[in-house]
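A.B. asks: The following file, final13.pdb, comprises PDB, C-alpha atoms:
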```
ATOM      1  CA  MET A   1      19.694   5.068 -22.550
ATOM      2  CA  GLY A   2      20.518   2.552 -19.917
ATOM      3  CA  THR A   3      21.349  -0.497 -22.021
ATOM      4  CA  LEU A   4      24.566  -2.365 -21.375
ATOM      5  CA  ASP A   5      26.424  -4.300 -24.043
ATOM      6  CA  ILE A   6      27.616  -7.445 -22.267
ATOM      7  CA  GLY A   7      29.309  -9.989 -24.471
ATOM      8  CA  GLY A   8      27.294  -8.911 -27.499
ATOM      9  CA  SER A   9      23.855  -9.074 -25.884
ATOM     10  CA  GLN A  10      21.927  -6.060 -24.686
ATOM     11  CA  LEU A  11      20.906  -5.900 -21.029
ATOM     12  CA  ASP A  12      19.049  -3.013 -19.484
ATOM     13  CA  VAL A  13      20.687  -1.672 -16.355
ATOM     14  CA  SER A  14      17.276  -1.146 -14.774
ATOM     15  CA  TRP A  15      16.894  -4.936 -14.478
ATOM     16  CA  PHE A  16      19.843  -5.006 -12.123
ATOM     17  CA  LEU A  17      18.456  -2.041 -10.204
ATOM     18  CA  LEU A  18      15.057  -3.722  -9.943
ATOM     19  CA  LEU A  19      16.683  -6.924  -8.655
ATOM     20  CA  GLY A  20      18.576  -4.867  -6.085
ATOM     21  CA  ALA A  21      15.352  -3.167  -5.007
ATOM     22  CA  ALA A  22      13.594  -6.534  -4.659
ATOM     23  CA  LEU A  23      16.402  -8.008  -2.553
ATOM     24  CA  PHE A  24      16.497  -4.894  -0.360
ATOM     25  CA  THR A  25      12.741  -5.151   0.164
ATOM     26  CA  LEU A  26      13.089  -8.817   1.119
ATOM     27  CA  GLY A  27      15.704  -7.831   3.691
ATOM     28  CA  THR A  28      13.372  -5.145   5.024
ATOM     29  CA  ILE A  29      10.622  -7.745   5.457
ATOM     30  CA  GLY A  30      13.058  -9.930   7.381
ATOM     31  CA  VAL A  31      14.047  -7.106   9.726
ATOM     32  CA  LEU A  32      10.436  -6.052  10.318
ATOM     33  CA  VAL A  33       8.720  -9.427  10.672
ATOM     34  CA  ARG A  34      11.191 -11.949  12.048
ATOM     35  CA  ARG A  35      11.765 -11.992  15.792
ATOM     36  CA  ASN A  36      14.917 -14.095  16.010
ATOM     37  CA  PRO A  37      17.810 -11.616  16.457
ATOM     38  CA  LEU A  38      20.161 -13.796  14.424
ATOM     39  CA  ILE A  39      17.835 -13.769  11.417
ATOM     40  CA  ILE A  40      17.493  -9.990  11.745
ATOM     41  CA  LEU A  41      21.282  -9.693  11.428
ATOM     42  CA  ILE A  42      21.228 -12.013   8.388
ATOM     43  CA  SER A  43      18.518  -9.848   6.795
ATOM     44  CA  ILE A  44      20.684  -6.757   7.302
ATOM     45  CA  GLU A  45      23.477  -8.520   5.425
ATOM     46  CA  LEU A  46      20.993  -9.215   2.629
ATOM     47  CA  MET A  47      20.088  -5.516   2.443
ATOM     48  CA  LEU A  48      23.757  -4.496   2.280
ATOM     49  CA  ASN A  49      24.312  -6.969  -0.546
ATOM     50  CA  ALA A  50      21.399  -5.515  -2.484
ATOM     51  CA  VAL A  51      22.937  -2.051  -2.152
ATOM     52  CA  ASN A  52      26.242  -3.448  -3.425
ATOM     53  CA  LEU A  53      24.521  -4.788  -6.525
ATOM     54  CA  THR A  54      23.013  -1.360  -7.171
ATOM     55  CA  LEU A  55      26.377   0.363  -6.737
ATOM     56  CA  VAL A  56      28.143  -2.011  -9.116
ATOM     57  CA  ALA A  57      25.343  -1.719 -11.690
ATOM     58  CA  PHE A  58      25.562   2.086 -11.673
ATOM     59  CA  SER A  59      29.337   1.850 -11.842
ATOM     60  CA  ARG A  60      29.091  -0.249 -14.999
ATOM     61  CA  GLN A  61      26.447   1.985 -16.548
ATOM     62  CA  LEU A  62      28.442   5.181 -16.005
ATOM     63  CA  GLU A  63      31.731   3.371 -16.786
ATOM     64  CA  ASN A  64      33.136   4.904 -13.638
ATOM     65  CA  LEU A  65      35.068   2.851 -11.084
ATOM     66  CA  GLU A  66      34.020   4.816  -8.017
ATOM     67  CA  GLY A  67      30.884   2.714  -7.555
ATOM     68  CA  GLN A  68      32.970  -0.440  -7.276
ATOM     69  CA  LEU A  69      35.328   1.233  -4.798
ATOM     70  CA  PHE A  70      32.338   2.244  -2.710
ATOM     71  CA  ALA A  71      31.003  -1.328  -2.878
ATOM     72  CA  LEU A  72      34.310  -2.547  -1.441
ATOM     73  CA  MET A  73      33.998  -0.015   1.397
ATOM     74  CA  THR A  74      30.459  -1.271   2.037
ATOM     75  CA  MET A  75      31.758  -4.821   2.304
ATOM     76  CA  THR A  76      34.289  -3.698   4.927
ATOM     77  CA  VAL A  77      31.614  -1.923   6.937
ATOM     78  CA  ALA A  78      29.310  -4.960   6.619
ATOM     79  CA  ALA A  79      32.025  -7.272   7.910
ATOM     80  CA  ALA A  80      32.695  -4.964  10.881
ATOM     81  CA  GLU A  81      28.959  -4.710  11.581
ATOM     82  CA  ALA A  82      28.537  -8.503  11.497
ATOM     83  CA  VAL A  83      31.473  -9.032  13.864
ATOM     84  CA  VAL A  84      30.318  -6.519  16.465
ATOM     85  CA  GLY A  85      26.638  -7.464  16.149
ATOM     86  CA  LEU A  86      27.331 -11.168  16.608
ATOM     87  CA  ALA A  87      29.599 -10.458  19.584
ATOM     88  CA  ILE A  88      26.825  -8.448  21.249
ATOM     89  CA  LEU A  89      24.360 -11.242  20.467
ATOM     90  CA  VAL A  90      26.608 -13.901  22.026
ATOM     91  CA  ASP A  91      27.047 -11.699  25.077
ATOM     92  CA  ILE A  92      23.275 -11.273  25.471
ATOM     93  CA  PHE A  93      22.653 -14.996  25.044
ATOM     94  CA  ARG A  94      25.249 -15.714  27.722
ATOM     95  CA  VAL A  95      23.447 -13.581  30.264
ATOM     96  CA  ARG A  96      19.975 -14.908  29.568
ATOM     97  CA  ASP A  97      18.056 -17.243  27.341
ATOM     98  CA  LEU A  98      16.465 -15.052  24.735
ATOM     99  CA  GLU A  99      13.857 -16.311  22.332
ATOM    100  CA  ASP A 100      12.353 -13.101  20.994
ATOM    101  CA  ILE A 101      13.946  -9.760  20.138
ATOM    102  CA  ASP A 102      11.019  -8.084  21.927
ATOM    103  CA  ASP A 103      12.320  -9.468  25.219
ATOM    104  CA  LEU A 104      14.986  -6.769  25.103
ATOM    105  CA  SER A 105      12.770  -3.881  26.116
ATOM    106  CA  GLU A 106      14.575  -2.427  29.126
ATOM    107  CA  LEU A 107      15.285   0.819  27.296
ATOM    108  CA  LYS A 108      11.618   1.380  26.581
ATOM    109  CA  GLY A 109      11.168   3.127  29.922
TER
ATOM    110  CA  MET B   1      23.770 -15.643 -23.307
ATOM    111  CA  ALA B   2      24.198 -12.800 -20.841
ATOM    112  CA  ILE B   3      20.423 -12.473 -20.582
ATOM    113  CA  ALA B   4      20.075 -16.169 -19.711
ATOM    114  CA  VAL B   5      22.799 -15.862 -17.054
ATOM    115  CA  PHE B   6      21.086 -12.812 -15.597
ATOM    116  CA  ILE B   7      17.675 -14.494 -15.470
ATOM    117  CA  VAL B   8      18.964 -17.718 -13.912
ATOM    118  CA  PHE B   9      21.080 -16.088 -11.226
ATOM    119  CA  GLY B  10      18.630 -13.265 -10.585
ATOM    120  CA  LEU B  11      15.866 -15.781  -9.909
ATOM    121  CA  LEU B  12      18.279 -17.787  -7.752
ATOM    122  CA  ALA B  13      19.063 -14.655  -5.732
ATOM    123  CA  ILE B  14      15.368 -13.870  -5.271
ATOM    124  CA  ALA B  15      14.695 -17.478  -4.197
ATOM    125  CA  GLY B  16      17.569 -17.313  -1.725
ATOM    126  CA  GLY B  17      16.252 -14.002  -0.365
ATOM    127  CA  VAL B  18      12.826 -15.524   0.177
ATOM    128  CA  GLY B  19      14.505 -18.460   1.906
ATOM    129  CA  VAL B  20      16.456 -16.127   4.228
ATOM    130  CA  ILE B  21      13.297 -14.584   5.621
ATOM    131  CA  SER B  22      11.036 -17.647   5.604
ATOM    132  CA  PHE B  23      13.086 -20.504   7.096
ATOM    133  CA  HIS B  24      12.613 -21.057  10.802
ATOM    134  CA  GLN B  25      15.991 -22.656  11.457
ATOM    135  CA  PRO B  26      18.722 -19.969  11.436
ATOM    136  CA  ILE B  27      21.169 -22.356   9.788
ATOM    137  CA  ARG B  28      18.912 -22.647   6.742
ATOM    138  CA  SER B  29      18.668 -18.862   6.556
ATOM    139  CA  VAL B  30      22.453 -18.611   6.576
ATOM    140  CA  LEU B  31      22.788 -21.195   3.821
ATOM    141  CA  SER B  32      20.156 -19.334   1.761
ATOM    142  CA  LEU B  33      22.194 -16.178   2.228
ATOM    143  CA  VAL B  34      25.218 -18.045   0.833
ATOM    144  CA  VAL B  35      23.108 -18.841  -2.254
ATOM    145  CA  VAL B  36      22.205 -15.145  -2.595
ATOM    146  CA  MET B  37      25.824 -14.056  -2.265
ATOM    147  CA  LEU B  38      27.146 -16.563  -4.792
ATOM    148  CA  SER B  39      24.518 -15.624  -7.366
ATOM    149  CA  LEU B  40      25.190 -11.922  -6.757
ATOM    150  CA  SER B  41      28.885 -12.578  -7.330
ATOM    151  CA  VAL B  42      28.032 -14.026 -10.758
ATOM    152  CA  LEU B  43      26.040 -10.864 -11.495
ATOM    153  CA  PHE B  44      29.061  -8.771 -10.448
ATOM    154  CA  LEU B  45      31.098 -10.694 -12.991
ATOM    155  CA  LEU B  46      28.427  -9.938 -15.580
ATOM    156  CA  LEU B  47      28.856  -6.240 -14.742
ATOM    157  CA  SER B  48      32.625  -6.588 -15.340
ATOM    158  CA  ALA B  49      33.547  -6.135 -11.698
ATOM    159  CA  GLN B  50      36.125  -8.912 -11.404
ATOM    160  CA  PHE B  51      37.753  -7.780  -8.192
ATOM    161  CA  VAL B  52      34.435  -7.218  -6.426
ATOM    162  CA  PHE B  53      33.430 -10.723  -7.564
ATOM    163  CA  VAL B  54      36.461 -12.292  -5.917
ATOM    164  CA  VAL B  55      36.121 -10.229  -2.751
ATOM    165  CA  GLN B  56      32.434 -11.120  -2.535
ATOM    166  CA  ILE B  57      33.236 -14.837  -2.570
ATOM    167  CA  ILE B  58      36.224 -14.655  -0.218
ATOM    168  CA  VAL B  59      34.980 -12.118   2.313
ATOM    169  CA  TYR B  60      31.214 -12.676   2.274
ATOM    170  CA  ALA B  61      30.587 -16.274   1.275
ATOM    171  CA  GLY B  62      33.784 -17.274   3.043
ATOM    172  CA  ALA B  63      34.529 -15.236   6.134
ATOM    173  CA  VAL B  64      31.274 -13.593   7.196
ATOM    174  CA  MET B  65      29.141 -16.692   6.611
ATOM    175  CA  VAL B  66      31.584 -18.902   8.537
ATOM    176  CA  LEU B  67      31.317 -16.395  11.390
ATOM    177  CA  PHE B  68      27.525 -16.714  11.337
ATOM    178  CA  LEU B  69      27.783 -20.521  11.298
ATOM    179  CA  PHE B  70      30.168 -20.434  14.269
ATOM    180  CA  VAL B  71      27.766 -18.285  16.240
ATOM    181  CA  ILE B  72      24.875 -20.640  15.422
ATOM    182  CA  THR B  73      26.859 -23.636  16.667
ATOM    183  CA  LEU B  74      27.834 -21.647  19.765
ATOM    184  CA  LEU B  75      24.261 -20.682  20.586
ATOM    185  CA  GLY B  76      22.811 -24.120  19.932
ATOM    186  CA  PRO B  77      19.339 -24.875  18.671
ATOM    187  CA  THR B  78      16.781 -22.149  19.089
ATOM    188  CA  ARG B  79      13.363 -22.826  20.455
ATOM    189  CA  ALA B  80      10.326 -22.065  18.373
ATOM    190  CA  THR B  81       9.107 -18.567  19.092
ATOM    191  CA  GLY B  82       5.552 -18.187  20.226
ATOM    192  CA  ARG B  83       3.225 -15.467  19.189
ATOM    193  CA  GLY B  84       4.693 -12.009  19.109
ATOM    194  CA  ARG B  85       3.490  -9.355  21.459
ATOM    195  CA  LEU B  86       3.029  -6.719  18.784
ATOM    196  CA  ARG B  87      -0.493  -7.163  17.512
ATOM    197  CA  PHE B  88      -0.364  -5.348  14.204
ATOM    198  CA  GLN B  89       3.249  -6.170  13.321
ATOM    199  CA  ALA B  90       2.596  -8.298  10.229
ATOM    200  CA  GLY B  91      -0.083  -6.035   8.747
ATOM    201  CA  LEU B  92       1.839  -2.811   9.323
ATOM    202  CA  SER B  93       5.017  -4.387   7.969
ATOM    203  CA  ALA B  94       3.232  -5.541   4.806
ATOM    204  CA  LEU B  95       1.802  -2.058   4.283
ATOM    205  CA  PHE B  96       5.168  -0.374   4.825
ATOM    206  CA  VAL B  97       7.042  -2.809   2.622
ATOM    207  CA  LEU B  98       4.544  -2.492  -0.222
ATOM    208  CA  ALA B  99       4.742   1.300  -0.069
ATOM    209  CA  PHE B 100       8.544   1.134   0.070
ATOM    210  CA  PHE B 101       8.862  -1.164  -2.933
ATOM    211  CA  GLY B 102       6.372   0.954  -4.839
ATOM    212  CA  LEU B 103       8.469   4.013  -4.100
ATOM    213  CA  LEU B 104      11.655   2.297  -5.297
ATOM    214  CA  TYR B 105       9.905   1.094  -8.465
ATOM    215  CA  ALA B 106       8.520   4.554  -9.185
ATOM    216  CA  MET B 107      11.957   6.077  -8.752
ATOM    217  CA  LEU B 108      13.454   3.547 -11.160
ATOM    218  CA  GLN B 109      10.969   4.540 -13.853
ATOM    219  CA  GLY B 110      12.140   8.128 -14.007
ATOM    220  CA  VAL B 111      15.869   7.592 -13.620
ATOM    221  CA  GLN B 112      18.048   9.624 -15.980
ATOM    222  CA  TYR B 113      21.616   8.604 -16.721
ATOM    223  CA  ARG B 114      24.351  11.014 -17.583
ATOM    224  CA  GLN B 115      26.685  10.320 -20.464
ATOM    225  CA  PRO B 116      29.078   7.419 -19.670
ATOM    226  CA  ASP B 117      32.720   8.206 -19.112
ATOM    227  CA  HIS B 118      34.015   6.132 -22.086
ATOM    228  CA  THR B 119      36.719   4.350 -20.149
ATOM    229  CA  ASP B 120      38.405   1.291 -21.603
ATOM    230  CA  LEU B 121      36.061  -1.541 -20.670
ATOM    231  CA  ASN B 122      38.769  -4.181 -21.121
ATOM    232  CA  ALA B 123      40.593  -2.802 -18.081
ATOM    233  CA  PHE B 124      37.419  -2.002 -16.166
ATOM    234  CA  GLY B 125      37.215  -3.482 -12.690
ATOM    235  CA  THR B 126      40.508  -5.344 -12.794
ATOM    236  CA  VAL B 127      42.726  -5.567  -9.714
ATOM    237  CA  GLN B 128      45.058  -2.992 -11.207
ATOM    238  CA  SER B 129      42.438  -0.346 -11.897
ATOM    239  CA  ILE B 130      40.800  -0.876  -8.489
ATOM    240  CA  ALA B 131      44.194  -0.547  -6.812
ATOM    241  CA  VAL B 132      44.946   2.684  -8.668
ATOM    242  CA  GLY B 133      41.675   4.119  -7.385
ATOM    243  CA  LEU B 134      42.186   2.890  -3.831
ATOM    244  CA  PHE B 135      45.771   4.059  -3.462
ATOM    245  CA  THR B 136      45.520   7.447  -5.126
ATOM    246  CA  THR B 137      42.194   9.266  -4.960
ATOM    247  CA  TYR B 138      40.677   7.263  -2.121
ATOM    248  CA  LEU B 139      43.783   6.671  -0.029
ATOM    249  CA  TYR B 140      42.435   8.282   3.147
ATOM    250  CA  PRO B 141      39.072   6.442   3.163
ATOM    251  CA  PHE B 142      40.944   3.219   2.433
ATOM    252  CA  GLU B 143      43.258   3.724   5.395
ATOM    253  CA  LEU B 144      40.308   4.680   7.576
ATOM    254  CA  THR B 145      38.651   1.346   6.843
ATOM    255  CA  SER B 146      41.667  -0.397   8.353
ATOM    256  CA  VAL B 147      41.108   1.643  11.518
ATOM    257  CA  LEU B 148      37.453   0.610  11.414
ATOM    258  CA  LEU B 149      38.398  -3.073  11.153
ATOM    259  CA  LEU B 150      40.809  -2.679  14.069
ATOM    260  CA  VAL B 151      38.085  -1.068  16.180
ATOM    261  CA  ALA B 152      35.657  -3.870  15.239
ATOM    262  CA  ALA B 153      38.196  -6.549  16.167
ATOM    263  CA  ILE B 154      38.954  -4.949  19.532
ATOM    264  CA  GLY B 155      35.248  -4.474  20.211
ATOM    265  CA  ALA B 156      34.451  -8.095  19.376
ATOM    266  CA  ILE B 157      37.238  -9.363  21.632
ATOM    267  CA  TYR B 158      36.083  -7.100  24.457
ATOM    268  CA  LEU B 159      32.424  -8.094  24.121
ATOM    269  CA  SER B 160      33.028 -11.819  23.920
ATOM    270  CA  ARG B 161      35.494 -12.089  26.803
ATOM    271  CA  ARG B 162      34.766 -14.364  29.750
ATOM    272  CA  ASP B 163      33.732 -12.548  32.896
ATOM    273  CA  GLU B 164      36.290 -13.483  35.540
ATOM    274  CA  SER B 165      34.578 -11.925  38.518
TER
END
```
Would you write the structure of this file as structure tokens?

C.D. replies:
Amino acid sequence: MGTLDIGGSQLDVSWFLLLGAALFTLGTIGVLVRRNPLIILISIELMLNAVNLTLVAFSRQLENLEGQLFALMTMTVAAAEAVVGLAILVDIFRVRDLEDIDDLSELKG
Amino acid sequence: MAIAVFIVFGLLAIAGGVGVISFHQPIRSVLSLVVVMLSLSVLFLLLSAQFVFVVQIIVYAGAVMVLFLFVITLLGPTRATGRGRLRFQAGLSALFVLAFFGLLYAMLQGVQYRQPDHTDLNAFGTVQSIAVGLFTTYLYPFELTSVLLLVAAIGAIYLSRRDES
């Protein structure tokens, strides 16, 4: 179970899933460790891309197109998220010179 | 052949991912993310997802990355950040990330697949088959995404307006 026949050679679908998991973990590290808000947004894009790879891999394994359709929806949501997130970031940078995401702690109480 | 393509572009994607989180200049992170997206698009092609491959290059590597580059030029060079104020951030993050990856790996070991649907793989993932799915079964979600894009556009214009007062 789980082997794909691609152009005559056998690939295991779990390789793709493992690659997706590794990329998602790298994105998680970026969100947790980096303190530049722009790089945090870039890491979120990386995580969304890893999820897309997983969706497309499952779609190919089950020979069912719905995974690819869902990946397209994810791309739309990711584009909308990037647009709004970057607009908020530009707005914050216009008000004050931010160098660390931890400077935004007014909501902490 | 397919195995070689997978190994080359998988390693390229991992290297790009490491670059995204380790470069200090944001522009280098963005360019590493372009590397990740292009190698992932090759993997999509390997998984016979032609339309997703094209959309990945046009929308992600094209539009979204250009948006990031514009914002970087708008914000100018960033200063080097000093020490963070969270004392245990790196250690706790490493612990959490290791546990998280271990969990994902453990889940991948026990994954069970159901029987494939036996669709015609020659027509799998083409523009036509994607369009049939989008405009019949998933018509309402597809139309809702256009509303979402409209809301995002209006929100971005509102947030980035000049304050006249």

A.B. asks: So what does the PyMOL selection byres ((chain B and resi 35-47) around 10) actually pick up in this one, as JSON, numbers by chain?

C.D. replies: {"A": [4, 5, 6, 7, 13, 16, 20, 23, 45, 46, 49, 50, 52, 53, 56, 57, 58, 59, 60, 61, 68], "B": [2, 3, 5, 6, 7, 8, 9, 10, 11, 12, 13, 14, 15, 16, 17, 18, 19, 20, 29, 30, 31, 32, 33, 34, 48, 49, 50, 51, 52, 53, 54, 55, 56, 57, 60, 61, 65, 124, 125]}

A.B. asks: Write out the residues from the selection above, keeping C-alpha atoms, as a PDB file, in the coordinates of the input.

C.D. replies:
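New file result-v5.pdb:
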```pdb
ATOM      1  CA  LEU A   4      24.566  -2.365 -21.375  1.00  0.00           C
ATOM      2  CA  ASP A   5      26.424  -4.300 -24.043  1.00  0.00           C
ATOM      3  CA  ILE A   6      27.616  -7.445 -22.267  1.00  0.00           C
ATOM      4  CA  GLY A   7      29.309  -9.989 -24.471  1.00  0.00           C
ATOM      5  CA  VAL A  13      20.687  -1.672 -16.355  1.00  0.00           C
ATOM      6  CA  PHE A  16      19.843  -5.006 -12.123  1.00  0.00           C
ATOM      7  CA  GLY A  20      18.576  -4.867  -6.085  1.00  0.00           C
ATOM      8  CA  LEU A  23      16.402  -8.008  -2.553  1.00  0.00           C
ATOM      9  CA  GLU A  45      23.477  -8.520   5.425  1.00  0.00           C
ATOM     10  CA  LEU A  46      20.993  -9.215   2.629  1.00  0.00           C
ATOM     11  CA  ASN A  49      24.312  -6.969  -0.546  1.00  0.00           C
ATOM     12  CA  ALA A  50      21.399  -5.515  -2.484  1.00  0.00           C
ATOM     13  CA  ASN A  52      26.242  -3.448  -3.425  1.00  0.00           C
ATOM     14  CA  LEU A  53      24.521  -4.788  -6.525  1.00  0.00           C
ATOM     15  CA  VAL A  56      28.143  -2.011  -9.116  1.00  0.00           C
ATOM     16  CA  ALA A  57      25.343  -1.719 -11.690  1.00  0.00           C
ATOM     17  CA  PHE A  58      25.562   2.086 -11.673  1.00  0.00           C
ATOM     18  CA  SER A  59      29.337   1.850 -11.842  1.00  0.00           C
ATOM     19  CA  ARG A  60      29.091  -0.249 -14.999  1.00  0.00           C
ATOM     20  CA  GLN A  61      26.447   1.985 -16.548  1.00  0.00           C
ATOM     21  CA  GLN A  68      32.970  -0.440  -7.276  1.00  0.00           C
TER      22      GLN A  68
ATOM     23  CA  ALA B   2      24.198 -12.800 -20.841  1.00  0.00           C
ATOM     24  CA  ILE B   3      20.423 -12.473 -20.582  1.00  0.00           C
ATOM     25  CA  VAL B   5      22.799 -15.862 -17.054  1.00  0.00           C
ATOM     26  CA  PHE B   6      21.086 -12.812 -15.597  1.00  0.00           C
ATOM     27  CA  ILE B   7      17.675 -14.494 -15.470  1.00  0.00           C
ATOM     28  CA  VAL B   8      18.964 -17.718 -13.912  1.00  0.00           C
ATOM     29  CA  PHE B   9      21.080 -16.088 -11.226  1.00  0.00           C
ATOM     30  CA  GLY B  10      18.630 -13.265 -10.585  1.00  0.00           C
ATOM     31  CA  LEU B  11      15.866 -15.781  -9.909  1.00  0.00           C
ATOM     32  CA  LEU B  12      18.279 -17.787  -7.752  1.00  0.00           C
ATOM     33  CA  ALA B  13      19.063 -14.655  -5.732  1.00  0.00           C
ATOM     34  CA  ILE B  14      15.368 -13.870  -5.271  1.00  0.00           C
ATOM     35  CA  ALA B  15      14.695 -17.478  -4.197  1.00  0.00           C
ATOM     36  CA  GLY B  16      17.569 -17.313  -1.725  1.00  0.00           C
ATOM     37  CA  GLY B  17      16.252 -14.002  -0.365  1.00  0.00           C
ATOM     38  CA  VAL B  18      12.826 -15.524   0.177  1.00  0.00           C
ATOM     39  CA  GLY B  19      14.505 -18.460   1.906  1.00  0.00           C
ATOM     40  CA  VAL B  20      16.456 -16.127   4.228  1.00  0.00           C
ATOM     41  CA  SER B  29      18.668 -18.862   6.556  1.00  0.00           C
ATOM     42  CA  VAL B  30      22.453 -18.611   6.576  1.00  0.00           C
ATOM     43  CA  LEU B  31      22.788 -21.195   3.821  1.00  0.00           C
ATOM     44  CA  SER B  32      20.156 -19.334   1.761  1.00  0.00           C
ATOM     45  CA  LEU B  33      22.194 -16.178   2.228  1.00  0.00           C
ATOM     46  CA  VAL B  34      25.218 -18.045   0.833  1.00  0.00           C
ATOM     47  CA  SER B  48      32.625  -6.588 -15.340  1.00  0.00           C
ATOM     48  CA  ALA B  49      33.547  -6.135 -11.698  1.00  0.00           C
ATOM     49  CA  GLN B  50      36.125  -8.912 -11.404  1.00  0.00           C
ATOM     50  CA  PHE B  51      37.753  -7.780  -8.192  1.00  0.00           C
ATOM     51  CA  VAL B  52      34.435  -7.218  -6.426  1.00  0.00           C
ATOM     52  CA  PHE B  53      33.430 -10.723  -7.564  1.00  0.00           C
ATOM     53  CA  VAL B  54      36.461 -12.292  -5.917  1.00  0.00           C
ATOM     54  CA  VAL B  55      36.121 -10.229  -2.751  1.00  0.00           C
ATOM     55  CA  GLN B  56      32.434 -11.120  -2.535  1.00  0.00           C
ATOM     56  CA  ILE B  57      33.236 -14.837  -2.570  1.00  0.00           C
ATOM     57  CA  TYR B  60      31.214 -12.676   2.274  1.00  0.00           C
ATOM     58  CA  ALA B  61      30.587 -16.274   1.275  1.00  0.00           C
ATOM     59  CA  MET B  65      29.141 -16.692   6.611  1.00  0.00           C
ATOM     60  CA  PHE B 124      37.419  -2.002 -16.166  1.00  0.00           C
ATOM     61  CA  GLY B 125      37.215  -3.482 -12.690  1.00  0.00           C
TER      62      GLY B 125
END
```

A.B. asks: Would you mind listing what lies within 10 Å of Pro77 of chain B as a list in words, with only C-alpha atoms counted and same-chain residues fewer than 6 positions away left out?

C.D. replies: Gln25, Pro26 and Ile27 of chain B

A.B. asks: Using the chain letters and numbering of this document, enumerate as a ChimeraX atom specification the residues selected by the PyMOL selection byres ((chain B and resi 113) around 10).

C.D. replies: /A:1-2,58,61-62 /B:110-112,114-116

A.B. asks: Can you work out the spacing between atom CA of Val31 of chain A and atom CA of Leu69 of chain B in Å, to one decimal?

C.D. replies: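 Here the two named atoms are 19.3 Å from each other.
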
A.B. asks: Given the file shown, determine the residues that the PyMOL selection byres ((chain A and resi 82) around 9) selects; report them as number ranges by chain.

C.D. replies: A: 41-42, 45, 77-81, 83-87; B: 64, 67-68

A.B. asks: Restricting the calculation to all atoms listed in the file: of A:Ser14, A:Asn36, A:Thr3, A:Thr25, which residue gets closest to Asp100 of chain A?

C.D. replies: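 Nearest candidate to Asp100 of chain A out of A:Ser14, A:Asn36, A:Thr3, A:Thr25: A:Asn36.
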
A.B. asks: Env of Ala90 of chain B: 12 Å cut, atoms = only C-alpha atoms, seq-sep filter 4 positions within chain, self excluded. Answer as a list in words.

C.D. replies: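 That gives Ile29, Gly30, Val31, Leu32, Val33, Arg34 and Arg35 of chain A; Arg83, Gly84, Arg85, Leu86, Ala94, Leu95, Phe96 and Val97 of chain B.
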
A.B. asks: Kindly give the distance, in Å, that separates atom CA of Phe70 of chain A and atom CA of Ile21 of chain B, rounded to a single decimal.

C.D. replies: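 The value is 26.7 Å.
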
A.B. asks: Atom CA of Tyr105 of chain B and atom CA of Ser93 of chain B, how far apart in Å?

C.D. replies: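 Between atom CA of Ser93 of chain B and atom CA of Tyr105 of chain B the gap works out to 18.0 Å.
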
A.B. asks: Closest to Ala71 of chain A among A:Ile88, A:Ile39, A:Ile44, A:Leu55, using all atoms listed in the file?

C.D. replies: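 Distance minimum relative to Ala71 of chain A lands on A:Leu55.
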
A.B. asks: Restricting the calculation to all atoms listed in the file: of A:Ile40, A:Arg94, A:Asp102, A:Ala22, which residue gets closest to Gln89 of chain B?

C.D. replies: A:Asp102
